[in-house]
2 protein chains.
Amino acid sequence: MKIPFEELKAEFLRVLLKQNFEPQKAEQCAAIFAENSRDGVYTHGLNRFPTFVDYIKQGLIDSYAQPTLEKTFGLIEQWNGNLAPGMLNARFCTERAVALAKEHGMGCVAIRNTNHWMRGGTYGWQAAEAGCIGIHFTNTIALVPPWGGIDPRLGNNPLVIAVPRAEGHIVLDMAMSQYSMGKLMQYQGNNEELPLPGGYDEAGELSTDPGAIIRSKRLLPVGFWKGSGLALMLDLLVTILSQGKSTARITESTVESGVGQVFICIKDPDKETTSRLTEQILEFTKTSRPDTEGGIIAYPGENTLRTRIRNLKEGIPVREDIWNKVRAM
Amino acid sequence: MKIPFEELKAEFLRVLLKQNFEPQKAEQCAAIFAENSRDGVYTHGLNRFPTFVDYIKQGLIDSYAQPTLEKTFGLIEQWNGNLAPGMLNARFCTERAVALAKEHGMGCVAIRNTNHWMRGGTYGWQAAEAGCIGIHFTNTIALVPPWGGIDPRLGNNPLVIAVPRAEGHIVLDMAMSQYSMGKLMQYQGNNEELPLPGGYDEAGELSTDPGAIIRSKRLLPVGFWKGSGLALMLDLLVTILSQGKSTARITESTVESGVGQVFICIKDPDKETTSRLTEQILEFTKTSRPDTEGGIIAYPGENTLRTRIRNLKEGIPVREDIWNKVRAM
């Protein structure tokens, strides 16, 4: 089933207004959810929307709250998210980091006590659209065991890196687990094997069986010990700079709330030179012969853009059960 | 065979002075090579030293050169490494980034036209020792195929993240390939299988056979498509900010020279709070039950510190053939 972008967005807007969101905030949140589905990140678009509304109802997200400035360390700003909607806080922080970057070449904004930013890539695209390099990361509830361990103690702590480009921004948005829990559930629901090992089964063997991995809770960090280390470092940076909740503290509750994030923006030093160097890099990368006939070597964000164009033209694929659930809200 | 730290360092110093290094630079380079071996990174300590001297002799590294400031973009400094020894340039850039961070909360130094920094972790430890968070990365010659491709077009572009800690700094030093070429050769030389898949064999199958991977040149990026994307982004950031050679340009020569690097330092906002939050994170991580009896969950840098203490006490393990080669230089 496919739904036009504007219809999806209008439906989100209607539900949020019914939840007493202020009109401007409702509009911004609805746009972000609709854009996430439009860009093919269905897990953090329509599919996540009911949970978001549920968190509002439970009081875990405060739609009336605004971020407040807590401290500055030189050029670094530390904000308190006051449990406002994570997407609005993240949008705001990106704007602040862009403004600092435009003034000083670079800027860094850390926020604590915020909520899930949904698709991290959103704020990468935002920074790039403003002519800035963006380096953003968040911590999360514990989802991944540290290397050598069985019990989840690390967040999957997505890292976003964005580079502005006239022909389509380059935006990497990677969580530290090889597959997110949402992706594992999607494969399980479709009765499909993972294309590559995504964790360990209960016998401690690397596995492509999504169900076995969900049962063992032993999701694989990207690059084994390396992603485990990187996830830990990102939690350290977020927690130290925001002076907020670490993955350890977030995990004390069973629901994820009050996470921290860091937004670093760097002003593009020189549009023309950057464009020339960027094309040089992409062109060279794409000269690698594909490993399957007709395969393409895509840069991060290339497939997103392709999906966006297709979904805007043909409508956005939606899971009918979730779409009906939202319409009934 | 084991050699005391001071003897190793003295030997490096002797050779470099014979190569007409200025005494202070010889001292600094000798210390870095000896410290890399001391910390267990033998591939970028003693084992790499003969290649370093060879590059000096070939004129690829200019021991007399100094980095020069090219431009500033706000708080970002762009330097030209003038092909000076990579370790001295990287040390210098870290010092500059630390100085900027102490003044403005954060600093960013990009350098082009520099050389291999040997162990990236060196500059993470340096930043942490100066009370700063460090985020450093470099590009390299093409060593890894992009995801979906056969031919190497990406550097393994090591990323270093360091957090200062009184009881031992936390320092992640990760290349974007699952195993470095040096590590693959080490396993091959010892006739050992890799513990986990490290690339593809010539038939295009994931493999733990180091020889097959070296022959196919299809090293695995960490986390498959994710590390491929991250390696590309790091090359973009290095090249855009340093306005120097990308992996594409570096790869036009068969020897790696004139690489670029970025050094971001952030001043620890508050020693006491940082220490409390850091211990909270490490303690929680270590509560994950080990997957093998007696196993430990180590933070990045923990094993380095353990190796350092042991090697200082018992002497540094050296490959006798390389040690003799250096002594004969």
# chains A, B, ... in the order shown; residues from 1 in each chain; ligands from 1

$ calpha_fit_rmsd --fixed "chain A" --moving "chain B"
0.0 Å

$ residues_around --residues "Leu277 in chain A" --least-positions-apart "2" --cutoff "12 Å" --atoms "only C-alpha atoms" --output "list in words"
Val163, Arg165, Asp270, Lys271, Glu272, Thr273, Thr274, Ser275, Glu279, Gln280, Ile281, Leu282, Glu283 and Phe284 of chain A; Asp235, Leu236, Leu237, Val238, Thr239, Ile240, Leu241, Ser242, Gln243, Gly244, Lys245, Ser246, Thr247, Ala248 and Arg249 of chain B

$ interface_residues --of "chain B" --to "chain A" --cutoff "6 Å" --atoms "only C-alpha atoms" --output "mmCIF file with all heavy atoms, in the first residue's frame"
data_model
loop_
_atom_site.group_PDB
_atom_site.id
_atom_site.type_symbol
_atom_site.label_atom_id
_atom_site.label_comp_id
_atom_site.auth_asym_id
_atom_site.auth_seq_id
_atom_site.Cartn_x
_atom_site.Cartn_y
_atom_site.Cartn_z
ATOM 1 N N PHE B 73 40.288 28.973 8.977
ATOM 2 C CA PHE B 73 38.848 29.173 8.740
ATOM 3 C C PHE B 73 38.243 29.332 10.119
ATOM 4 O O PHE B 73 37.967 28.327 10.777
ATOM 5 C CB PHE B 73 38.189 27.963 8.086
ATOM 6 C CG PHE B 73 38.978 27.352 6.962
ATOM 7 C CD1 PHE B 73 39.488 26.066 7.084
ATOM 8 C CD2 PHE B 73 39.192 28.049 5.782
ATOM 9 C CE1 PHE B 73 40.190 25.484 6.052
ATOM 10 C CE2 PHE B 73 39.902 27.468 4.745
ATOM 11 C CZ PHE B 73 40.404 26.192 4.878
ATOM 12 N N GLY B 74 38.032 30.545 10.567
ATOM 13 C CA GLY B 74 37.582 30.723 11.946
ATOM 14 C C GLY B 74 38.618 30.081 12.851
ATOM 15 O O GLY B 74 39.815 30.362 12.743
ATOM 16 N N LEU B 75 38.173 29.165 13.697
ATOM 17 C CA LEU B 75 39.085 28.537 14.656
ATOM 18 C C LEU B 75 39.824 27.343 14.073
ATOM 19 O O LEU B 75 40.620 26.717 14.758
ATOM 20 C CB LEU B 75 38.292 28.060 15.863
ATOM 21 C CG LEU B 75 37.895 29.177 16.811
ATOM 22 C CD1 LEU B 75 37.028 28.621 17.909
ATOM 23 C CD2 LEU B 75 39.152 29.819 17.381
ATOM 24 N N HIS B 104 39.614 27.955 23.535
ATOM 25 C CA HIS B 104 38.248 28.148 23.020
ATOM 26 C C HIS B 104 37.298 27.002 23.350
ATOM 27 O O HIS B 104 36.192 26.954 22.822
ATOM 28 C CB HIS B 104 38.290 28.305 21.494
ATOM 29 C CG HIS B 104 39.228 29.370 21.021
ATOM 30 N ND1 HIS B 104 38.969 30.713 21.179
ATOM 31 C CD2 HIS B 104 40.440 29.300 20.414
ATOM 32 C CE1 HIS B 104 39.976 31.426 20.680
ATOM 33 N NE2 HIS B 104 40.883 30.590 20.212
ATOM 34 N N GLY B 105 37.749 26.044 24.141
ATOM 35 C CA GLY B 105 36.894 24.890 24.430
ATOM 36 C C GLY B 105 37.142 23.758 23.452
ATOM 37 O O GLY B 105 37.113 22.597 23.808
ATOM 38 N N GLY B 148 30.315 -3.554 -2.110
ATOM 39 C CA GLY B 148 29.748 -3.863 -3.420
ATOM 40 C C GLY B 148 30.787 -3.867 -4.521
ATOM 41 O O GLY B 148 30.469 -4.148 -5.669
ATOM 42 N N GLY B 149 32.050 -3.572 -4.183
ATOM 43 C CA GLY B 149 33.095 -3.506 -5.197
ATOM 44 C C GLY B 149 34.211 -4.506 -4.943
ATOM 45 O O GLY B 149 34.316 -5.079 -3.857
ATOM 46 N N ILE B 150 35.025 -4.697 -5.957
ATOM 47 C CA ILE B 150 36.111 -5.672 -5.897
ATOM 48 C C ILE B 150 37.459 -4.986 -5.698
ATOM 49 O O ILE B 150 38.317 -5.465 -4.963
ATOM 50 C CB ILE B 150 36.137 -6.501 -7.211
ATOM 51 C CG1 ILE B 150 34.945 -7.450 -7.254
ATOM 52 C CG2 ILE B 150 37.444 -7.275 -7.337
ATOM 53 C CD1 ILE B 150 34.812 -8.207 -8.568
ATOM 54 N N ASP B 151 37.660 -3.849 -6.371
ATOM 55 C CA ASP B 151 38.982 -3.209 -6.360
ATOM 56 C C ASP B 151 39.108 -2.226 -5.199
ATOM 57 O O ASP B 151 38.199 -1.440 -4.945
ATOM 58 C CB ASP B 151 39.199 -2.456 -7.675
ATOM 59 C CG ASP B 151 38.939 -3.345 -8.881
ATOM 60 O OD1 ASP B 151 39.661 -4.344 -9.029
ATOM 61 O OD2 ASP B 151 37.996 -3.050 -9.646
ATOM 62 N N ARG B 153 39.544 0.908 -3.257
ATOM 63 C CA ARG B 153 39.411 2.328 -3.586
ATOM 64 C C ARG B 153 39.326 3.196 -2.336
ATOM 65 O O ARG B 153 39.266 4.418 -2.438
ATOM 66 C CB ARG B 153 38.148 2.563 -4.432
ATOM 67 C CG ARG B 153 38.211 1.971 -5.838
ATOM 68 C CD ARG B 153 39.233 2.687 -6.701
ATOM 69 N NE ARG B 153 39.288 2.154 -8.048
ATOM 70 C CZ ARG B 153 40.125 1.185 -8.446
ATOM 71 N NH1 ARG B 153 40.968 0.620 -7.583
ATOM 72 N NH2 ARG B 153 40.125 0.773 -9.691
ATOM 73 N N VAL B 222 35.213 -2.841 8.309
ATOM 74 C CA VAL B 222 34.519 -3.153 9.570
ATOM 75 C C VAL B 222 33.024 -2.981 9.368
ATOM 76 O O VAL B 222 32.571 -1.978 8.830
ATOM 77 C CB VAL B 222 34.961 -2.248 10.752
ATOM 78 C CG1 VAL B 222 36.376 -2.545 11.171
ATOM 79 C CG2 VAL B 222 34.792 -0.776 10.452
ATOM 80 N N GLY B 223 32.270 -3.994 9.777
ATOM 81 C CA GLY B 223 30.815 -3.886 9.674
ATOM 82 C C GLY B 223 30.326 -3.795 8.244
ATOM 83 O O GLY B 223 29.325 -3.134 7.976
ATOM 84 N N GLY B 229 31.317 2.942 4.313
ATOM 85 C CA GLY B 229 30.793 4.307 4.335
ATOM 86 C C GLY B 229 31.622 5.212 5.232
ATOM 87 O O GLY B 229 31.935 6.349 4.874
ATOM 88 N N ILE B 240 38.705 17.575 2.459
ATOM 89 C CA ILE B 240 38.021 18.877 2.397
ATOM 90 C C ILE B 240 38.665 19.870 3.363
ATOM 91 O O ILE B 240 38.880 21.034 3.024
ATOM 92 C CB ILE B 240 36.514 18.702 2.714
ATOM 93 C CG1 ILE B 240 35.819 17.976 1.559
ATOM 94 C CG2 ILE B 240 35.854 20.043 2.996
ATOM 95 C CD1 ILE B 240 34.399 17.532 1.864
ATOM 96 N N ALA B 248 42.269 8.931 -3.459
ATOM 97 C CA ALA B 248 42.379 8.813 -4.919
ATOM 98 C C ALA B 248 43.743 9.314 -5.392
ATOM 99 O O ALA B 248 44.434 8.643 -6.162
ATOM 100 C CB ALA B 248 41.258 9.611 -5.590
ATOM 101 N N THR B 274 33.654 14.564 34.901
ATOM 102 C CA THR B 274 34.059 13.635 33.849
ATOM 103 C C THR B 274 34.533 12.323 34.449
ATOM 104 O O THR B 274 34.169 11.237 33.980
ATOM 105 C CB THR B 274 35.178 14.260 32.992
ATOM 106 O OG1 THR B 274 34.632 15.392 32.309
ATOM 107 C CG2 THR B 274 35.727 13.274 31.968
ATOM 108 N N PHE B 284 29.641 -0.112 34.494
ATOM 109 C CA PHE B 284 28.440 -0.747 33.928
ATOM 110 C C PHE B 284 28.828 -1.698 32.792
ATOM 111 O O PHE B 284 28.354 -2.833 32.726
ATOM 112 C CB PHE B 284 27.483 0.335 33.420
ATOM 113 C CG PHE B 284 26.238 -0.202 32.759
ATOM 114 C CD1 PHE B 284 25.279 -0.880 33.500
ATOM 115 C CD2 PHE B 284 26.018 -0.018 31.395
ATOM 116 C CE1 PHE B 284 24.120 -1.367 32.898
ATOM 117 C CE2 PHE B 284 24.869 -0.500 30.785
ATOM 118 C CZ PHE B 284 23.919 -1.178 31.538
ATOM 119 N N THR B 285 29.721 -1.237 31.924
ATOM 120 C CA THR B 285 30.125 -2.060 30.779
ATOM 121 C C THR B 285 30.739 -3.373 31.257
ATOM 122 O O THR B 285 30.487 -4.443 30.702
ATOM 123 C CB THR B 285 31.131 -1.285 29.906
ATOM 124 O OG1 THR B 285 30.550 -0.028 29.544
ATOM 125 C CG2 THR B 285 31.472 -2.047 28.637
ATOM 126 N N SER B 288 28.886 -6.869 32.179
ATOM 127 C CA SER B 288 28.448 -7.879 31.206
ATOM 128 C C SER B 288 29.214 -9.169 31.498
ATOM 129 O O SER B 288 30.438 -9.155 31.647
ATOM 130 C CB SER B 288 28.741 -7.389 29.784
ATOM 131 O OG SER B 288 28.299 -8.333 28.831
ATOM 132 N N ARG B 289 28.484 -10.285 31.590
ATOM 133 C CA ARG B 289 29.171 -11.556 31.872
ATOM 134 C C ARG B 289 30.079 -11.932 30.706
ATOM 135 O O ARG B 289 29.665 -11.841 29.549
ATOM 136 C CB ARG B 289 28.150 -12.675 32.086
ATOM 137 C CG ARG B 289 27.440 -12.618 33.424
ATOM 138 C CD ARG B 289 26.246 -13.547 33.413
ATOM 139 N NE ARG B 289 25.267 -13.121 32.414
ATOM 140 C CZ ARG B 289 24.309 -13.904 31.919
ATOM 141 N NH1 ARG B 289 24.200 -15.158 32.305
ATOM 142 N NH2 ARG B 289 23.454 -13.437 31.029
ATOM 143 N N PRO B 290 31.327 -12.336 30.982
ATOM 144 C CA PRO B 290 32.235 -12.694 29.885
ATOM 145 C C PRO B 290 31.745 -13.917 29.125
ATOM 146 O O PRO B 290 31.100 -14.794 29.700
ATOM 147 C CB PRO B 290 33.563 -12.975 30.587
ATOM 148 C CG PRO B 290 33.260 -13.117 32.030
ATOM 149 C CD PRO B 290 31.963 -12.436 32.309
ATOM 150 N N ASP B 291 32.047 -13.968 27.820
ATOM 151 C CA ASP B 291 31.574 -15.089 27.008
ATOM 152 C C ASP B 291 32.511 -16.299 27.092
ATOM 153 O O ASP B 291 32.209 -17.346 26.538
ATOM 154 C CB ASP B 291 31.335 -14.656 25.554
ATOM 155 C CG ASP B 291 32.584 -14.122 24.877
ATOM 156 O OD1 ASP B 291 33.675 -14.220 25.473
ATOM 157 O OD2 ASP B 291 32.465 -13.604 23.755
ATOM 158 N N ILE B 297 36.164 -7.944 30.136
ATOM 159 C CA ILE B 297 35.648 -6.928 29.221
ATOM 160 C C ILE B 297 36.593 -5.742 29.363
ATOM 161 O O ILE B 297 36.640 -5.115 30.424
ATOM 162 C CB ILE B 297 34.226 -6.491 29.620
ATOM 163 C CG1 ILE B 297 33.330 -7.698 29.926
ATOM 164 C CG2 ILE B 297 33.623 -5.562 28.583
ATOM 165 C CD1 ILE B 297 32.942 -8.519 28.752
ATOM 166 N N PRO B 300 38.815 0.343 25.503
ATOM 167 C CA PRO B 300 39.909 0.610 24.559
ATOM 168 C C PRO B 300 41.079 1.299 25.276
ATOM 169 O O PRO B 300 40.881 2.312 25.945
ATOM 170 C CB PRO B 300 39.269 1.555 23.530
ATOM 171 C CG PRO B 300 37.798 1.307 23.629
ATOM 172 C CD PRO B 300 37.544 0.970 25.067
#

$ select_by_dssp --residues "range 13-196 of chain A" --states "strand (DSSP E)" --output "count of residues only"
37

$ residues_around --residues "Ile264 in chain B" --least-positions-apart "6" --cutoff "7 Å" --atoms "only C-alpha atoms" --output "NGL selection string"
:B and (97 or 107-109 or 134-136)

$ residues_around --residues "Trp117 in chain B" --least-positions-apart "3" --cutoff "12 Å" --atoms "only C-alpha atoms" --output "PyMOL selection string"
chain B and resi 29+32-33+36+44-45+48+52+61+81+83-94+111+114+120-124+136-140+157-160+256-262

$ select_by_dssp --residues "range 82-197 of chain A" --states "helix (DSSP H, G or I)" --output "VMD selection string"
chain A and resid 86 to 104 121 to 129 181 to 189

$ write_last_selection --atoms "C-alpha atoms" --output "PDB file, in the first residue's frame"
ATOM      1  CA  GLY A  86      13.838  14.518  20.569  1.00  0.00           C
ATOM      2  CA  MET A  87      13.492  15.544  16.933  1.00  0.00           C
ATOM      3  CA  LEU A  88      12.718  19.155  17.808  1.00  0.00           C
ATOM      4  CA  ASN A  89      15.622  19.305  20.245  1.00  0.00           C
ATOM      5  CA  ALA A  90      17.981  17.747  17.688  1.00  0.00           C
ATOM      6  CA  ARG A  91      16.804  20.154  14.996  1.00  0.00           C
ATOM      7  CA  PHE A  92      17.373  23.033  17.369  1.00  0.00           C
ATOM      8  CA  CYS A  93      20.861  21.829  18.364  1.00  0.00           C
ATOM      9  CA  THR A  94      21.852  21.413  14.728  1.00  0.00           C
ATOM     10  CA  GLU A  95      20.697  24.979  14.050  1.00  0.00           C
ATOM     11  CA  ARG A  96      22.786  26.220  16.990  1.00  0.00           C
ATOM     12  CA  ALA A  97      25.865  24.251  15.891  1.00  0.00           C
ATOM     13  CA  VAL A  98      25.458  25.609  12.343  1.00  0.00           C
ATOM     14  CA  ALA A  99      25.192  29.169  13.689  1.00  0.00           C
ATOM     15  CA  LEU A 100      28.348  28.683  15.787  1.00  0.00           C
ATOM     16  CA  ALA A 101      30.143  27.172  12.785  1.00  0.00           C
ATOM     17  CA  LYS A 102      29.188  30.094  10.559  1.00  0.00           C
ATOM     18  CA  GLU A 103      30.636  32.472  13.140  1.00  0.00           C
ATOM     19  CA  HIS A 104      33.729  30.552  14.310  1.00  0.00           C
ATOM     20  CA  GLY A 121      20.381  11.270   9.270  1.00  0.00           C
ATOM     21  CA  THR A 122      17.715  14.000   9.484  1.00  0.00           C
ATOM     22  CA  TYR A 123      20.194  16.285  11.254  1.00  0.00           C
ATOM     23  CA  GLY A 124      22.994  15.357   8.883  1.00  0.00           C
ATOM     24  CA  TRP A 125      20.860  16.452   5.943  1.00  0.00           C
ATOM     25  CA  GLN A 126      19.957  19.589   7.891  1.00  0.00           C
ATOM     26  CA  ALA A 127      23.600  20.538   8.520  1.00  0.00           C
ATOM     27  CA  ALA A 128      24.568  19.801   4.916  1.00  0.00           C
ATOM     28  CA  GLU A 129      21.609  21.822   3.623  1.00  0.00           C
ATOM     29  CA  MET A 181      16.683  -4.448  16.644  1.00  0.00           C
ATOM     30  CA  GLY A 182      14.030  -3.074  14.268  1.00  0.00           C
ATOM     31  CA  LYS A 183      15.784  -4.590  11.252  1.00  0.00           C
ATOM     32  CA  LEU A 184      16.138  -7.958  13.004  1.00  0.00           C
ATOM     33  CA  MET A 185      12.421  -7.958  13.771  1.00  0.00           C
ATOM     34  CA  GLN A 186      11.661  -7.051  10.173  1.00  0.00           C
ATOM     35  CA  TYR A 187      13.692 -10.032   8.885  1.00  0.00           C
ATOM     36  CA  GLN A 188      12.084 -12.269  11.497  1.00  0.00           C
ATOM     37  CA  GLY A 189       8.591 -11.077  10.549  1.00  0.00           C
TER      38      GLY A 189
END

$ residues_around --residues "range 315-324 of chain A" --least-positions-apart "2" --cutoff "12 Å" --atoms "only C-alpha atoms" --output "VMD selection string"
chain A and resid 1 to 9 11 to 12 34 to 43 45 to 51 186 307 to 313 326 to 329

$ atom_distance --atom1 "CA of Lys217 in chain A" --atom2 "CA of Arg112 in chain A"
27.0 Å
